[in-house]
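Trainee: For reference, the structure I am asking about is given below.
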Amino acid sequence: MNKIFKLAFLLSVITISTMVLNGCKKDWLTPKPESIYSPENTLVDVPGFNAALVACSGNLRNEWYGDGAPNISEQIFSEENVEGTDDKTGPAQNMDNQIKPDAQLNNVDFNHIGWFWAQEYVGIREANVIITRLAAAKGIADVDKNRILGQAYFFRAYDYYRLTNQFGDVPCPTHEVTTAKVDFVTVKREVILTQMKADLEGTVAAVPWVVDKGDVSRAAIYHLLTKIDLALGLFDDAITASSAVINQGSYKLMKTRFGTDAGVASKNVIWDLHRPDNKSAGANTEVLYLVTDRLGSAGAFEASPGPGIQTMRNGIPFASVGLPNIKTPTGKLGMPATQGGALEIDNLTLFGRGIGRCRLTSYSYQDIWDDNKDLRHDSTSGNWMYMENIRYNDLGLKTSNDTCYGLRFRLYGPTGNILCADTLRDWFPWPHYKLFIPDTENNPQRGGHTDWYVFRLAETYLLRAEAYVWKGDLVNAVADINAVRTRANCSPYTAAQMSMATVLDERARELYFEEPRKTELTRIAFIYAKTGKPSYTGKTYTLANFSTDNFFIDRVLERNIFYKKNFVTVHGDMMKISPFHVLWPIPQDAINANTGNHINQNIGYSGAANNVAASDKIVD
């Protein structure tokens with residue numbers, strides 16, 4: 001499949017059947033000449049449908065890429081991170097003030113809640129085009145048709161899984177929309193997830209186990225089924241689906257050195273697992289599904305290159321370029337305002353240039369690390385970095401014979417005075433092995449092109465462990481947790497140590513910045529409310545009070561010190577989160593545009609008083 005064809009389809013599919021959920025403009029209603037790249041001309045053979053699947057993957061990919069990546073909005077609605085930008089009002093810190101249906105919900109300097117709403121429906125639209133057109137396609141063998149259908153169902157189910165755990169009850173189109181539509185209805189979350197489960201179960205056997213890295217495999221579908229089964233409270237089904245992946249011989253946890261840097265003795269398998277060139281390497285048996293971003297290459301499964309991952313810019317402290325906020329113990333600026341080639345100590349090459357948007361909490365960098373042998377938190381190998389790893393490198397220090405030149409950063413001066421004026425944005429540790437992606441395009445480095453894991457086998461083990469915890473089978477749960485822990489060189493847990501808190505902590509250790517943390521916390525909150533099972537604190541919840549009292553808010557306030565203490569930034573903005581943020585607001589413009597029917601708003605946001613009963617069936 002050549003790149004020109006793929007790009008042509010990407011452009012064409014975006015122009016068709018634009019849904020009113022993303023806004024409806026009069027000029028779109030004006031008929032336009034049919035393009036040679038329209039679905040009528042491209043969705044006629046296997047290469048055309050494969051190109052459409054590549055477009056679906058490209059749409060899904062964008063969550064993790066670019067400056068202020070949308071994934072940050074998932075992370076800051078959790079116990080793991082807060083928005084660290086504190087030189088302006090706008091970034092999502094006081095959620096009560098800033099997260100409203102008619103607020104700015106899709107901007108790099110605010111949040112990307114609206115991006116998820118829009119782009120997940122774009123993904124659904126693209127999948128629905130494939131599903132609808134495939135039935136009428138002639139001359140395609142059944143084996144290919146069934147495989148394409150299963151992969152298209154995967155993309156649609158993935159987006160609905162995310163929507164229903166970000167926004168709750170939402171509209172649910174399941175067919176291609178070819179005319180302006182203004183009568184969407186809100187459908188119950190459980191109804192949508194039940195349909196997605198049926199779609200995937202009906203086609204999973206038609207999708208191969210082993211595919212090119214970047215294509216949807218049977219393992220990826222079973223992994224998604226596991227999440228949907230958990231969301232529906234079907235714990236035995238979740239165990240069956242996850243076991244299908246774990247017991248399939250092609251997928252194994254990576255436990256030995258491989259790929260680039262395999263010969264670097266100071267590194268380890270955790271470092272190897274997250275190197276850009278290793279994610280889709282043939283030797284990597286852990287990846288179930290990934291998205292691709294390559295510069296200047298033309299892999300058969302690859303969408304066009306994106307803006308780069310920019311994880312270093314987004315997730316590393318704002319201290320890599322000279323700031324008056326960080327002083328040497330002698331009271332001088334320790335890093336120059338510009339860092340050119342004349343510097344002897346090149347901090348930007350070593351660490352990248354961060355701006356601290358996605359600021360780790362003490363839960364992420366301190367509280368969860370209960371084994372000093374854990375390779376995922378090892379600073380000796382360079383997997384984990386601290387501010388003290390950075391050295392004062394201003395040549396002015398050297399020429400003036402300042403004793404601080406070349407020494408490591410220090411937070412406190414000789415009299416106990418603090419040397420960093422903004423510890424929120426400029427001073428915190430970070431997982432270097434996850435966030436360090438060499439960047440050949442930007443100077444200073446932000447984070448370059450790399451593939452990115454969406455699903456990998458380590459999470460499959462953790463999902464099955466969760467299902468066992470829900471069932472009270474702590475012996476099997478701890479076995480799955482330990483499969484992941486011992487790979488990281490940790491001592492194993494005992495069954496007596498198992499709880500939902502244990503699962504969530506292990507997910508945080510293993511899946512930082514990979515998993516959509518808010519989505520998973522909300523899913524778990526729904527399960528507690530649906531089942532009435534007591535949480536690890538002994539507290540129980542109900543669906544009737546879901547938006548006012550839920551596991552999500554209790555977990556976040558328990559572990560995220562910034563929200564718990566209502567931290568106030570140097571700009572004067574308070575950090576605050578409330579129970580109703582368990583669900584994000586439906587963007588007001590989507591509700592307003594739906595003039596032929598009613599889309600519900602989530603409780604806690606303006607407009608919820610106008611809600612009507614959500615539909616208990618899918619209405620297209």
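Identifiers in the structure tokens: chain A, B, ... in order shown; residue index from 1 per chain; ligand index from 1 in order shown.
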Contacts between stretch 488-504 of chain A and stretch 339-420 of chain A, please, where a residue of stretch 339-420 of chain A counts if it comes within 12 Å (with only C-alpha atoms); show its shortest atom pair and distance in Å to one decimal, rows by chain and ascending number, as a tab-separated table.
Mentor:
residue	atom	partner	partner_atom	distance
A:Tyr363	CA	A:Leu504	CA	11.5
A:Ser364	CA	A:Leu504	CA	11.3
A:Ile368	CA	A:Thr502	CA	9.3
A:Trp369	CA	A:Cys490	CA	10.2
A:Asp370	CA	A:Cys490	CA	8.9
A:Asp371	CA	A:Cys490	CA	6.1
A:Asn372	CA	A:Cys490	CA	8.0
A:Lys373	CA	A:Cys490	CA	5.8
A:Asp374	CA	A:Cys490	CA	5.1
A:Leu375	CA	A:Ala488	CA	5.2
A:Arg376	CA	A:Ala488	CA	6.5
A:His377	CA	A:Ala488	CA	9.3
A:Asp378	CA	A:Ala488	CA	10.0
A:Asn383	CA	A:Ala488	CA	11.7
Trainee: Please produce a file of those selected residues containing N, CA and C atoms, as a PDB file, in the first residue's frame.
Mentor:
ATOM      1  N   TYR A 363       2.411  11.091  44.310  1.00  0.00           N
ATOM      2  CA  TYR A 363       1.905   9.727  44.145  1.00  0.00           C
ATOM      3  C   TYR A 363       2.672   9.015  43.042  1.00  0.00           C
ATOM      4  N   SER A 364       2.906   9.706  41.924  1.00  0.00           N
ATOM      5  CA  SER A 364       3.544   9.085  40.770  1.00  0.00           C
ATOM      6  C   SER A 364       5.038   8.899  40.942  1.00  0.00           C
ATOM      7  N   ILE A 368       4.124   5.362  45.199  1.00  0.00           N
ATOM      8  CA  ILE A 368       3.835   4.018  44.696  1.00  0.00           C
ATOM      9  C   ILE A 368       5.069   3.124  44.628  1.00  0.00           C
ATOM     10  N   TRP A 369       6.244   3.697  44.794  1.00  0.00           N
ATOM     11  CA  TRP A 369       7.455   2.904  44.598  1.00  0.00           C
ATOM     12  C   TRP A 369       7.846   2.216  45.897  1.00  0.00           C
ATOM     13  N   ASP A 370       7.470   0.942  45.999  1.00  0.00           N
ATOM     14  CA  ASP A 370       7.613   0.194  47.246  1.00  0.00           C
ATOM     15  C   ASP A 370       8.727  -0.839  47.205  1.00  0.00           C
ATOM     16  N   ASP A 371       9.541  -0.830  46.136  1.00  0.00           N
ATOM     17  CA  ASP A 371      10.632  -1.791  46.021  1.00  0.00           C
ATOM     18  C   ASP A 371      11.812  -1.075  45.372  1.00  0.00           C
ATOM     19  N   ASN A 372      12.904  -0.913  46.118  1.00  0.00           N
ATOM     20  CA  ASN A 372      14.030  -0.149  45.581  1.00  0.00           C
ATOM     21  C   ASN A 372      14.792  -0.886  44.489  1.00  0.00           C
ATOM     22  N   LYS A 373      14.382  -2.115  44.180  1.00  0.00           N
ATOM     23  CA  LYS A 373      14.982  -2.853  43.062  1.00  0.00           C
ATOM     24  C   LYS A 373      14.217  -2.642  41.761  1.00  0.00           C
ATOM     25  N   ASP A 374      13.112  -1.923  41.804  1.00  0.00           N
ATOM     26  CA  ASP A 374      12.231  -1.760  40.653  1.00  0.00           C
ATOM     27  C   ASP A 374      12.961  -1.029  39.525  1.00  0.00           C
ATOM     28  N   LEU A 375      13.156  -1.704  38.401  1.00  0.00           N
ATOM     29  CA  LEU A 375      13.856  -1.102  37.263  1.00  0.00           C
ATOM     30  C   LEU A 375      13.111   0.093  36.691  1.00  0.00           C
ATOM     31  N   ARG A 376      11.809   0.149  36.904  1.00  0.00           N
ATOM     32  CA  ARG A 376      11.013   1.256  36.369  1.00  0.00           C
ATOM     33  C   ARG A 376      11.221   2.548  37.142  1.00  0.00           C
ATOM     34  N   HIS A 377      11.907   2.451  38.281  1.00  0.00           N
ATOM     35  CA  HIS A 377      12.157   3.636  39.109  1.00  0.00           C
ATOM     36  C   HIS A 377      13.647   3.744  39.437  1.00  0.00           C
ATOM     37  N   ASP A 378      14.459   3.154  38.588  1.00  0.00           N
ATOM     38  CA  ASP A 378      15.886   3.057  38.856  1.00  0.00           C
ATOM     39  C   ASP A 378      16.624   4.261  38.278  1.00  0.00           C
ATOM     40  N   ASN A 383      16.859   5.216  34.035  1.00  0.00           N
ATOM     41  CA  ASN A 383      15.431   5.085  33.726  1.00  0.00           C
ATOM     42  C   ASN A 383      14.625   6.208  34.367  1.00  0.00           C
TER      43      ASN A 383
END
Trainee: Which residues come within 9 Å of stretch 119-134 of chain A, counting only C-alpha atoms, excluding same-chain residues fewer than 3 positions away, as a ChimeraX atom specification?
Mentor: /A:13-14,17-19,21-22,39-40,43-44,49,52-53,55-57,59-60,114-116,137-138,145,148-149,151-160,162-163,173-177
Trainee: One decimal, Å: what's the distance from atom CA of A:Asn594 over to atom CA of A:Val185, could you say?
Mentor: 8.9 Å
Trainee: Could you list, as an mmCIF file with N, CA, C and O atoms, in the first residue's frame, every residue within 10 Å of stretch 250-252 of chain A, counting only C-alpha atoms and ignoring same-chain residues fewer than 5 positions away?
Mentor:
data_model
loop_
_atom_site.group_PDB
_atom_site.id
_atom_site.type_symbol
_atom_site.label_atom_id
_atom_site.label_comp_id
_atom_site.auth_asym_id
_atom_site.auth_seq_id
_atom_site.Cartn_x
_atom_site.Cartn_y
_atom_site.Cartn_z
ATOM 1 N N TRP A 209 -4.198 -13.590 14.534
ATOM 2 C CA TRP A 209 -3.474 -13.344 15.772
ATOM 3 C C TRP A 209 -2.242 -12.491 15.501
ATOM 4 O O TRP A 209 -1.964 -11.542 16.221
ATOM 5 N N VAL A 210 -1.500 -12.859 14.491
ATOM 6 C CA VAL A 210 -0.231 -12.185 14.196
ATOM 7 C C VAL A 210 -0.396 -11.359 12.926
ATOM 8 O O VAL A 210 -0.764 -11.890 11.872
ATOM 9 N N ALA A 219 -5.429 -10.332 19.091
ATOM 10 C CA ALA A 219 -5.043 -10.046 20.475
ATOM 11 C C ALA A 219 -5.528 -8.668 20.904
ATOM 12 O O ALA A 219 -5.998 -8.488 22.038
ATOM 13 N N VAL A 245 -5.531 -13.984 25.146
ATOM 14 C CA VAL A 245 -4.304 -13.306 24.727
ATOM 15 C C VAL A 245 -3.095 -13.875 25.464
ATOM 16 O O VAL A 245 -2.075 -14.210 24.857
ATOM 17 N N ASN A 284 10.001 -7.804 19.480
ATOM 18 C CA ASN A 284 9.133 -7.361 20.579
ATOM 19 C C ASN A 284 7.842 -8.169 20.568
ATOM 20 O O ASN A 284 6.945 -7.929 19.749
ATOM 21 N N THR A 285 7.731 -9.104 21.480
ATOM 22 C CA THR A 285 6.557 -9.984 21.546
ATOM 23 C C THR A 285 5.494 -9.469 22.505
ATOM 24 O O THR A 285 4.505 -10.153 22.756
ATOM 25 N N GLU A 286 5.678 -8.266 23.033
ATOM 26 C CA GLU A 286 4.743 -7.741 24.031
ATOM 27 C C GLU A 286 3.668 -6.838 23.437
ATOM 28 O O GLU A 286 2.594 -6.681 24.001
ATOM 29 N N VAL A 287 3.941 -6.248 22.274
ATOM 30 C CA VAL A 287 3.032 -5.268 21.707
ATOM 31 C C VAL A 287 1.809 -5.960 21.104
ATOM 32 O O VAL A 287 1.936 -6.903 20.323
ATOM 33 N N LEU A 288 0.630 -5.489 21.482
ATOM 34 C CA LEU A 288 -0.632 -5.992 20.928
ATOM 35 C C LEU A 288 -1.173 -5.043 19.865
ATOM 36 O O LEU A 288 -1.715 -5.471 18.860
ATOM 37 N N ARG A 456 -0.462 -3.275 25.248
ATOM 38 C CA ARG A 456 0.597 -4.281 25.304
ATOM 39 C C ARG A 456 0.280 -5.293 26.391
ATOM 40 O O ARG A 456 -0.572 -5.068 27.258
ATOM 41 N N LEU A 457 0.984 -6.402 26.329
ATOM 42 C CA LEU A 457 0.616 -7.576 27.123
ATOM 43 C C LEU A 457 0.678 -7.313 28.625
ATOM 44 O O LEU A 457 -0.084 -7.910 29.387
ATOM 45 N N ALA A 458 1.583 -6.429 29.056
ATOM 46 C CA ALA A 458 1.649 -6.147 30.491
ATOM 47 C C ALA A 458 0.300 -5.665 31.002
ATOM 48 O O ALA A 458 -0.130 -6.052 32.105
#
Trainee: Have a look at A:Asp96, A:Asp236, A:Glu514, A:Asp67 and name the one nearest to A:Tyr605; count only C-alpha atoms.
Mentor: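 Between A:Asp96, A:Asp236, A:Glu514, A:Asp67, the residue approaching A:Tyr605 most closely is A:Asp96.
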Trainee: So what do you get for atom CA of A:Ile140 versus atom CA of A:Ala51, distance-wise?
Mentor: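 Between these atoms lies a distance of 14.9 Å.
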Trainee: Given only C-alpha atoms as the basis, pick out the residue of A:Ser547, A:Thr423, A:Thr42, A:Gln248 nearest to A:Ala319.
Mentor: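 Ranked by minimum distance to A:Ala319, first place goes to A:Thr423.
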Trainee: Do a neighbour search on stretch 266-283 of chain A at 6 Å with only C-alpha atoms, toss out local chain neighbours closer than 3 positions, and write the hits as a PyMOL selection string.
Mentor: chain A and resi 213+256-257+259+381+433+450
Trainee: DSSP on the backbone: which residues in stretch 178-294 of chain A end up as strand (DSSP E)? Give the answer as an NGL selection string.
Mentor: :A and (287-291)
Trainee: Have a look at atom CA of A:Asp505 and atom CA of A:Met254 and let me know their distance in Å, one decimal.
Mentor: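 Atom CA of A:Asp505 sits 20.8 Å away from atom CA of A:Met254.
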Trainee: Return the single residue from A:Tyr412, A:Tyr222, A:Tyr386, A:Tyr161 that is closest to A:Pro208, with distances computed using only C-alpha atoms.
Mentor: A:Tyr222
Trainee: Pick out the residues sitting within 9 Å of A:Asp480, and hand them over as a PyMOL selection string; count only C-alpha atoms, and ignore anything fewer than 3 positions along from it in its own chain.
Mentor: chain A and resi 461-465+476-477+483-485
Trainee: Residues of the last selection are to be written out with all heavy atoms, as an mmCIF file, in the first residue's frame.
Mentor:
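Saved file out.cif follows:
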data_model
loop_
_atom_site.group_PDB
_atom_site.id
_atom_site.type_symbol
_atom_site.label_atom_id
_atom_site.label_comp_id
_atom_site.auth_asym_id
_atom_site.auth_seq_id
_atom_site.Cartn_x
_atom_site.Cartn_y
_atom_site.Cartn_z
ATOM 1 N N TYR A 461 -2.267 -8.554 31.508
ATOM 2 C CA TYR A 461 -2.110 -9.208 32.814
ATOM 3 C C TYR A 461 -2.764 -8.385 33.922
ATOM 4 O O TYR A 461 -3.430 -8.936 34.819
ATOM 5 C CB TYR A 461 -0.628 -9.389 33.130
ATOM 6 C CG TYR A 461 -0.001 -10.638 32.555
ATOM 7 C CD1 TYR A 461 0.767 -10.573 31.395
ATOM 8 C CD2 TYR A 461 -0.164 -11.872 33.172
ATOM 9 C CE1 TYR A 461 1.365 -11.716 30.859
ATOM 10 C CE2 TYR A 461 0.423 -13.017 32.650
ATOM 11 C CZ TYR A 461 1.185 -12.932 31.487
ATOM 12 O OH TYR A 461 1.751 -14.062 30.973
ATOM 13 N N LEU A 462 -2.596 -7.069 33.870
ATOM 14 C CA LEU A 462 -3.150 -6.226 34.929
ATOM 15 C C LEU A 462 -4.666 -6.152 34.842
ATOM 16 O O LEU A 462 -5.348 -6.045 35.873
ATOM 17 C CB LEU A 462 -2.530 -4.830 34.849
ATOM 18 C CG LEU A 462 -1.004 -4.791 35.069
ATOM 19 C CD1 LEU A 462 -0.480 -3.367 34.947
ATOM 20 C CD2 LEU A 462 -0.628 -5.382 36.424
ATOM 21 N N LEU A 463 -5.221 -6.229 33.642
ATOM 22 C CA LEU A 463 -6.676 -6.264 33.493
ATOM 23 C C LEU A 463 -7.243 -7.572 34.044
ATOM 24 O O LEU A 463 -8.288 -7.582 34.711
ATOM 25 C CB LEU A 463 -7.063 -6.098 32.020
ATOM 26 C CG LEU A 463 -6.846 -4.710 31.421
ATOM 27 C CD1 LEU A 463 -7.038 -4.753 29.901
ATOM 28 C CD2 LEU A 463 -7.798 -3.687 32.033
ATOM 29 N N ARG A 464 -6.562 -8.680 33.755
ATOM 30 C CA ARG A 464 -7.056 -9.950 34.290
ATOM 31 C C ARG A 464 -6.918 -9.977 35.804
ATOM 32 O O ARG A 464 -7.808 -10.503 36.506
ATOM 33 C CB ARG A 464 -6.311 -11.127 33.655
ATOM 34 C CG ARG A 464 -6.965 -12.462 33.989
ATOM 35 C CD ARG A 464 -6.395 -13.601 33.184
ATOM 36 N NE ARG A 464 -5.046 -13.959 33.599
ATOM 37 C CZ ARG A 464 -4.376 -15.028 33.144
ATOM 38 N NH1 ARG A 464 -4.942 -15.823 32.235
ATOM 39 N NH2 ARG A 464 -3.153 -15.295 33.567
ATOM 40 N N ALA A 465 -5.839 -9.388 36.316
ATOM 41 C CA ALA A 465 -5.690 -9.295 37.775
ATOM 42 C C ALA A 465 -6.854 -8.521 38.378
ATOM 43 O O ALA A 465 -7.400 -8.897 39.427
ATOM 44 C CB ALA A 465 -4.360 -8.617 38.119
ATOM 45 N N ASN A 476 -5.204 -15.856 42.213
ATOM 46 C CA ASN A 476 -4.960 -15.669 40.781
ATOM 47 C C ASN A 476 -4.622 -14.220 40.456
ATOM 48 O O ASN A 476 -3.830 -13.940 39.552
ATOM 49 C CB ASN A 476 -6.167 -16.120 39.968
ATOM 50 C CG ASN A 476 -6.171 -17.618 39.743
ATOM 51 O OD1 ASN A 476 -5.154 -18.215 39.400
ATOM 52 N ND2 ASN A 476 -7.329 -18.252 39.947
ATOM 53 N N ALA A 477 -5.214 -13.283 41.189
ATOM 54 C CA ALA A 477 -4.927 -11.869 40.956
ATOM 55 C C ALA A 477 -3.462 -11.565 41.211
ATOM 56 O O ALA A 477 -2.801 -10.891 40.410
ATOM 57 C CB ALA A 477 -5.812 -10.996 41.842
ATOM 58 N N ALA A 483 3.520 -11.281 37.602
ATOM 59 C CA ALA A 483 4.111 -11.473 36.278
ATOM 60 C C ALA A 483 4.703 -10.170 35.763
ATOM 61 O O ALA A 483 5.773 -10.153 35.135
ATOM 62 C CB ALA A 483 3.063 -12.001 35.305
ATOM 63 N N VAL A 484 4.034 -9.069 36.044
ATOM 64 C CA VAL A 484 4.506 -7.751 35.620
ATOM 65 C C VAL A 484 5.589 -7.249 36.573
ATOM 66 O O VAL A 484 6.624 -6.718 36.151
ATOM 67 C CB VAL A 484 3.335 -6.762 35.546
ATOM 68 C CG1 VAL A 484 3.813 -5.358 35.186
ATOM 69 C CG2 VAL A 484 2.301 -7.239 34.518
ATOM 70 N N ARG A 485 5.369 -7.404 37.869
ATOM 71 C CA ARG A 485 6.320 -6.900 38.867
ATOM 72 C C ARG A 485 7.686 -7.583 38.759
ATOM 73 O O ARG A 485 8.730 -6.907 38.812
ATOM 74 C CB ARG A 485 5.768 -7.102 40.276
ATOM 75 C CG ARG A 485 4.714 -6.107 40.676
ATOM 76 C CD ARG A 485 4.261 -6.327 42.105
ATOM 77 N NE ARG A 485 5.342 -6.188 43.075
ATOM 78 C CZ ARG A 485 5.825 -5.015 43.487
ATOM 79 N NH1 ARG A 485 5.344 -3.893 42.994
ATOM 80 N NH2 ARG A 485 6.798 -4.981 44.392
#
Trainee: Step one, run DSSP on the backbone; step two, keep only residues of stretch 287-449 of chain A assigned to helix (DSSP H, G or I); then write them as a ChimeraX atom specification.
Mentor: /A:311-315,347-351,362-367,375-377,387-389,395-399,423-426,432-435
Trainee: Using only C-alpha atoms, determine which residues lie at most 9 Å from stretch 226-233 of chain A, disregarding the query and same-chain residues fewer than 2 positions distant; provide the list as an MDAnalysis selection string.
Mentor: chainID A and resid 157 161 165 190 193:194 196:197 221:224 235:242 460 463:464 466:467 470 520 523:524 526:527 530:531
Trainee: Export C-alpha atoms of the chosen residues as a compact mmCIF listing (two decimals), in the first residue's frame?
Mentor:
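Full text of part_10.txt as output:
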# COMPACT_ATOMS: atom_id res chain seq x y z
CA ALA A 157 -15.64 -0.05 19.80
CA TYR A 161 -15.34 2.59 25.07
CA ASN A 165 -16.02 6.36 30.17
CA GLU A 190 -24.44 0.12 29.04
CA LEU A 193 -21.04 -1.16 25.44
CA THR A 194 -23.25 -4.24 25.09
CA MET A 196 -19.75 -3.13 21.03
CA LYS A 197 -19.16 -6.39 22.88
CA ILE A 221 -9.57 -7.13 19.96
CA TYR A 222 -9.55 -9.54 22.90
CA HIS A 223 -7.72 -6.93 24.96
CA LEU A 224 -10.40 -4.34 24.15
CA PHE A 235 -15.78 -10.46 35.20
CA ASP A 236 -15.77 -14.08 34.00
CA ASP A 237 -16.00 -12.87 30.39
CA ALA A 238 -13.12 -10.47 31.05
CA ILE A 239 -11.01 -13.35 32.36
CA THR A 240 -11.85 -15.44 29.30
CA ALA A 241 -10.97 -12.64 26.87
CA SER A 242 -7.70 -11.70 28.57
CA THR A 460 -3.55 -7.57 29.70
CA LEU A 463 -6.68 -6.26 33.49
CA ARG A 464 -7.06 -9.95 34.29
CA GLU A 466 -8.38 -6.66 38.21
CA ALA A 467 -11.09 -9.06 37.09
CA TRP A 470 -13.56 -8.11 41.54
CA GLU A 520 -9.91 3.73 33.57
CA ARG A 523 -14.73 2.75 34.43
CA ILE A 524 -13.79 1.39 37.85
CA PHE A 526 -18.96 2.78 37.42
CA ILE A 527 -18.29 -0.83 38.46
CA LYS A 530 -23.19 -0.79 39.71
CA THR A 531 -22.16 -3.72 41.91
Trainee: Hey, which of A:Leu350, A:Leu395, A:Ala141, A:Ile316 ends up closest to A:Pro336? Count only C-alpha atoms.
Mentor: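 Of all the options, A:Leu395 lies closest to A:Pro336.
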